[in-house]
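Colleague: Before anything else, here's the structure in question.
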Amino acid sequence: MTNAVILETPARFPRVLLPANLPSNPTDLEAAQASGWFSALRTAITELKPEGVIAALSASGMRGRGFPGVPLGDKWESCARAEADRKYVVVNAFQSDPAVLTDRILLERNPYAVFEGAAIAAFTVGAQEIIFAVRAEATDAIRTLEAAFAIARQAGYLGDNVMGTGLELQASVRPLEGSYMLGEETVLLKGLEGRRGQPDQQPPYTTTQGLFGKPTLIHGPQTFAAVPTIVNGGIAEYLETSPKAFAGTVLVQISGAVVQPGIAEVPLGVTLREVLDTAGGVPASRRLKAVLVGGPSGGLIPAIGLDVTFDQGSLQKAGAQIGSGSIVVVDQTACVVDLAATLTRFSADQACGKTIPCRIGLRRMAEIGQRFCDGLPRGDDVALLNDLAVDIVESALCDHERRATLALTSLARYFRDELDAHIVRNTCPAGVCHPIAKAGARTGAAS
Ligand code: SF4
């Protein structure tokens, strides 16, 4: 089992994805059933029916965790309405950021919740097959899923006659290897078809034209794992988890300058400060400078911005996104200019090249960031950086590169002093950028 510290959270934080009553053996079906797993699937099939499940999801306020956060009820209804001889449910557990373990921890420790949510989805939209797309190196998660499927099949939750209802449902796990872009849903579907892929313009949406051209419902494992709670516990209980526009909980992985790095389940609607508190906050010997929220293509939030509400809408306005769920706390020893330049270079390397402003523009942004670090800024670099970011965001086909502009643009917005130290005074306050002082080589004053 993957080693990771699951952080204690305040009692007022509900635990929907990794509840306290998880069976010690994650594939122990009897223990899981005794604790309530699979009762939601029965309720969905025998009482709610597809319309009732969609109504419950719509009322819950839950949205998909990626950009643009489509309401679940709308997405499921679109797939349910699509007419086809075959439909698929895909659990996107590829998790592009290999350093983030949240999805594989969920699959290893609570596989039946993800499976049950996906089975409810299959019943609701009329799919016959569930495919779990998992990073190939997540071997423990893959083994756990395969064991869980075998046990679920014997218990009648999979096969030609699910729970005696006549429903046909199969499930499989597909290990995948590939670049960062494989986590994007249209690329992932091509990967499952055995094709090399770049993101597709939507519409047509995957709910009507997805895997092998058939209607496909695709979400991450955290989204599916929350569905049984909505169906089972009732809408009111779920809304209590976060009485804001974005309902539900997410798993975050907190690292960097904190007392106890680890994984925590937090409700959307708390503040970023409360999220960091689950990791014990910043040690007294260190000073918080910034928080990188959302992984390599995430945004930098300054120390004074910790009271931002932790949900997709608020973070987006603040220049970040939940993204991979990675939260890295940066202290005074790091240079945010160097960090932003490095992150942008990584994102430029990952861009698939389909959209020209992204392919060329991100590379130019990375070069500008490097000029800041080298003490060689050009006069119009800051303005050019912002123009490029606007062009990339307006033309981006996918979420990854929309977010890839966030790190560098956050410098002018939140870290102007540190940026000016590099481009005006030719110094790096953190002493990270070398060689920063090449005054004779400078070509003009930065704006
Ligand atoms: S925005 Fe970038 S990564 Fe996304 S499809 Fe276009 S070129 Fe590829």
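So you can find residues: chains in the structure tokens are A, B, ... in the order shown, residues in each start at 1, and ligands are numbered from 1 in order.
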Region 261-278 of chain A: which residues within 9 Å, counting only C-alpha atoms, same-chain residues fewer than 6 positions away excluded, as a ChimeraX atom specification?
Modeller: /A:4-10,13-18,101-102,241-255,305-312,327,329
Colleague: Residues of the last selection are to be written out with C-alpha atoms, as a compact mmCIF listing (two decimals), in the first residue's frame.
Modeller:
```
# COMPACT_ATOMS: atom_id res chain seq x y z
CA ALA A 4 1.26 8.49 2.84
CA VAL A 5 0.26 10.34 5.99
CA ILE A 6 -3.49 10.93 6.19
CA LEU A 7 -3.81 14.16 8.16
CA GLU A 8 -6.22 14.59 11.05
CA THR A 9 -8.88 17.17 10.26
CA PRO A 10 -11.25 19.09 12.58
CA PHE A 13 -14.75 18.63 8.36
CA PRO A 14 -16.87 15.74 7.02
CA ARG A 15 -15.00 12.73 5.68
CA VAL A 16 -16.86 11.44 2.68
CA LEU A 17 -14.01 10.03 0.58
CA LEU A 18 -11.81 8.56 3.31
CA LEU A 101 -0.92 10.46 -4.63
CA THR A 102 -4.48 11.42 -3.69
CA THR A 241 -20.20 19.67 3.85
CA SER A 242 -19.81 23.05 2.18
CA PRO A 243 -22.72 25.49 2.03
CA LYS A 244 -21.27 27.35 -0.93
CA ALA A 245 -21.70 27.22 -4.70
CA PHE A 246 -19.34 24.26 -4.95
CA ALA A 247 -20.49 21.40 -2.74
CA GLY A 248 -18.44 18.51 -1.48
CA THR A 249 -15.01 17.55 -0.25
CA VAL A 250 -11.67 17.08 -2.01
CA LEU A 251 -8.43 15.33 -1.19
CA VAL A 252 -5.44 17.65 -1.11
CA GLN A 253 -1.77 16.81 -0.76
CA ILE A 254 0.07 19.39 1.32
CA SER A 255 3.86 19.61 1.17
CA GLY A 305 -4.11 35.79 0.45
CA LEU A 306 -4.63 32.80 2.75
CA ASP A 307 -8.21 33.75 3.53
CA VAL A 308 -9.31 32.99 -0.02
CA THR A 309 -12.17 30.51 -0.07
CA PHE A 310 -11.03 27.07 -1.17
CA ASP A 311 -13.34 26.32 -4.09
CA GLN A 312 -12.97 26.39 -7.87
CA ILE A 327 -0.62 22.44 -2.29
CA VAL A 329 3.94 25.89 0.83
```
Colleague: Pick out the residues no farther than 9 Å from ligand 1, counting only C-alpha atoms and all ligand atoms, and list them as a ChimeraX atom specification.
Modeller: /A:181,184,198-201,347-348,350-360,362,392-393,395-402
Colleague: Which residues come within 8 Å of Ala127 (chain A), counting only C-alpha atoms, excluding same-chain residues fewer than 6 positions away, as a list in words?
Modeller: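 The residues that qualify are Arg86, Lys87, Tyr88, Val89, Ala121 and Leu169 of chain A.
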Colleague: Selected residues, C-alpha atoms, written as an mmCIF file, in the first residue's frame, please.
Modeller:
```
data_model
loop_
_atom_site.group_PDB
_atom_site.id
_atom_site.type_symbol
_atom_site.label_atom_id
_atom_site.label_comp_id
_atom_site.auth_asym_id
_atom_site.auth_seq_id
_atom_site.Cartn_x
_atom_site.Cartn_y
_atom_site.Cartn_z
ATOM 1 C CA ARG A 86 -23.280 0.974 -26.053
ATOM 2 C CA LYS A 87 -22.139 3.496 -23.455
ATOM 3 C CA TYR A 88 -19.143 3.712 -21.141
ATOM 4 C CA VAL A 89 -18.275 5.055 -17.728
ATOM 5 C CA ALA A 121 -23.394 6.178 -12.926
ATOM 6 C CA LEU A 169 -22.269 -4.425 -16.072
#
```
Colleague: Please return as number ranges by chain: the residues of region 239-408 of chain A that backbone DSSP assigns to strand (DSSP E or B).
Modeller: A: 249-256, 262-267, 271, 288-293, 299-302, 309, 326-331
Colleague: Can you spit out the residues from that selection as a PDB file, in the first residue's frame, using C-alpha atoms?
Modeller:
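Below you can see out35.pdb, which holds the result:
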```
ATOM      1  CA  THR A 249     -15.009  17.554  -0.251  1.00  0.00           C
ATOM      2  CA  VAL A 250     -11.669  17.079  -2.015  1.00  0.00           C
ATOM      3  CA  LEU A 251      -8.430  15.325  -1.193  1.00  0.00           C
ATOM      4  CA  VAL A 252      -5.443  17.654  -1.106  1.00  0.00           C
ATOM      5  CA  GLN A 253      -1.771  16.807  -0.759  1.00  0.00           C
ATOM      6  CA  ILE A 254       0.072  19.394   1.319  1.00  0.00           C
ATOM      7  CA  SER A 255       3.858  19.613   1.174  1.00  0.00           C
ATOM      8  CA  GLY A 256       6.719  22.086   1.546  1.00  0.00           C
ATOM      9  CA  GLY A 262       0.353  14.669   4.095  1.00  0.00           C
ATOM     10  CA  ILE A 263      -3.033  14.134   2.502  1.00  0.00           C
ATOM     11  CA  ALA A 264      -6.198  15.686   3.928  1.00  0.00           C
ATOM     12  CA  GLU A 265      -9.857  15.581   2.997  1.00  0.00           C
ATOM     13  CA  VAL A 266     -11.199  19.132   3.143  1.00  0.00           C
ATOM     14  CA  PRO A 267     -14.628  20.562   2.377  1.00  0.00           C
ATOM     15  CA  THR A 271     -10.348  29.001   3.614  1.00  0.00           C
ATOM     16  CA  LEU A 288       5.496  31.688   4.539  1.00  0.00           C
ATOM     17  CA  LYS A 289       6.068  33.498   1.264  1.00  0.00           C
ATOM     18  CA  ALA A 290       3.612  31.841  -1.138  1.00  0.00           C
ATOM     19  CA  VAL A 291       1.388  28.827  -1.642  1.00  0.00           C
ATOM     20  CA  LEU A 292       1.436  27.003  -4.970  1.00  0.00           C
ATOM     21  CA  VAL A 293      -2.087  25.658  -5.421  1.00  0.00           C
ATOM     22  CA  GLY A 299      -1.031  29.489  -9.349  1.00  0.00           C
ATOM     23  CA  LEU A 300       0.896  31.205  -6.572  1.00  0.00           C
ATOM     24  CA  ILE A 301      -1.110  32.755  -3.749  1.00  0.00           C
ATOM     25  CA  PRO A 302       0.781  35.211  -1.491  1.00  0.00           C
ATOM     26  CA  THR A 309     -12.173  30.508  -0.072  1.00  0.00           C
ATOM     27  CA  SER A 326      -1.380  19.643  -4.771  1.00  0.00           C
ATOM     28  CA  ILE A 327      -0.617  22.435  -2.295  1.00  0.00           C
ATOM     29  CA  VAL A 328       3.032  23.384  -1.859  1.00  0.00           C
ATOM     30  CA  VAL A 329       3.940  25.891   0.834  1.00  0.00           C
ATOM     31  CA  VAL A 330       6.900  28.040  -0.168  1.00  0.00           C
ATOM     32  CA  ASP A 331       8.991  29.801   2.471  1.00  0.00           C
TER      33      ASP A 331
END
```
Colleague: DSSP on the backbone, then: every residue of region 127-299 of chain A marked helix (DSSP H, G or I), written as a ChimeraX atom specification.
Modeller: /A:139-154,180-183,185-192,211-213,221-233,235-240,272-277
Colleague: Any idea what the distance is between CA of Ser410 (chain A) and CA of Pro98 (chain A)?
Modeller: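 Straight-line distance from CA of Ser410 (chain A) to CA of Pro98 (chain A) works out to 24.1 Å.
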Colleague: Leaving out Cys433 (chain A) and any residue of its chain fewer than 3 positions from it, which residues lie within 10 Å of it when counting only C-alpha atoms, given as a list in words?
Modeller: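 The residues satisfying every condition are Ala334, Cys335, Val337, Asp338, Gln370, Phe372, Cys373, Asp374, Gly375, His422, Thr427, Cys428, Pro429, Ala430, Ile436 and Ala437 of chain A.
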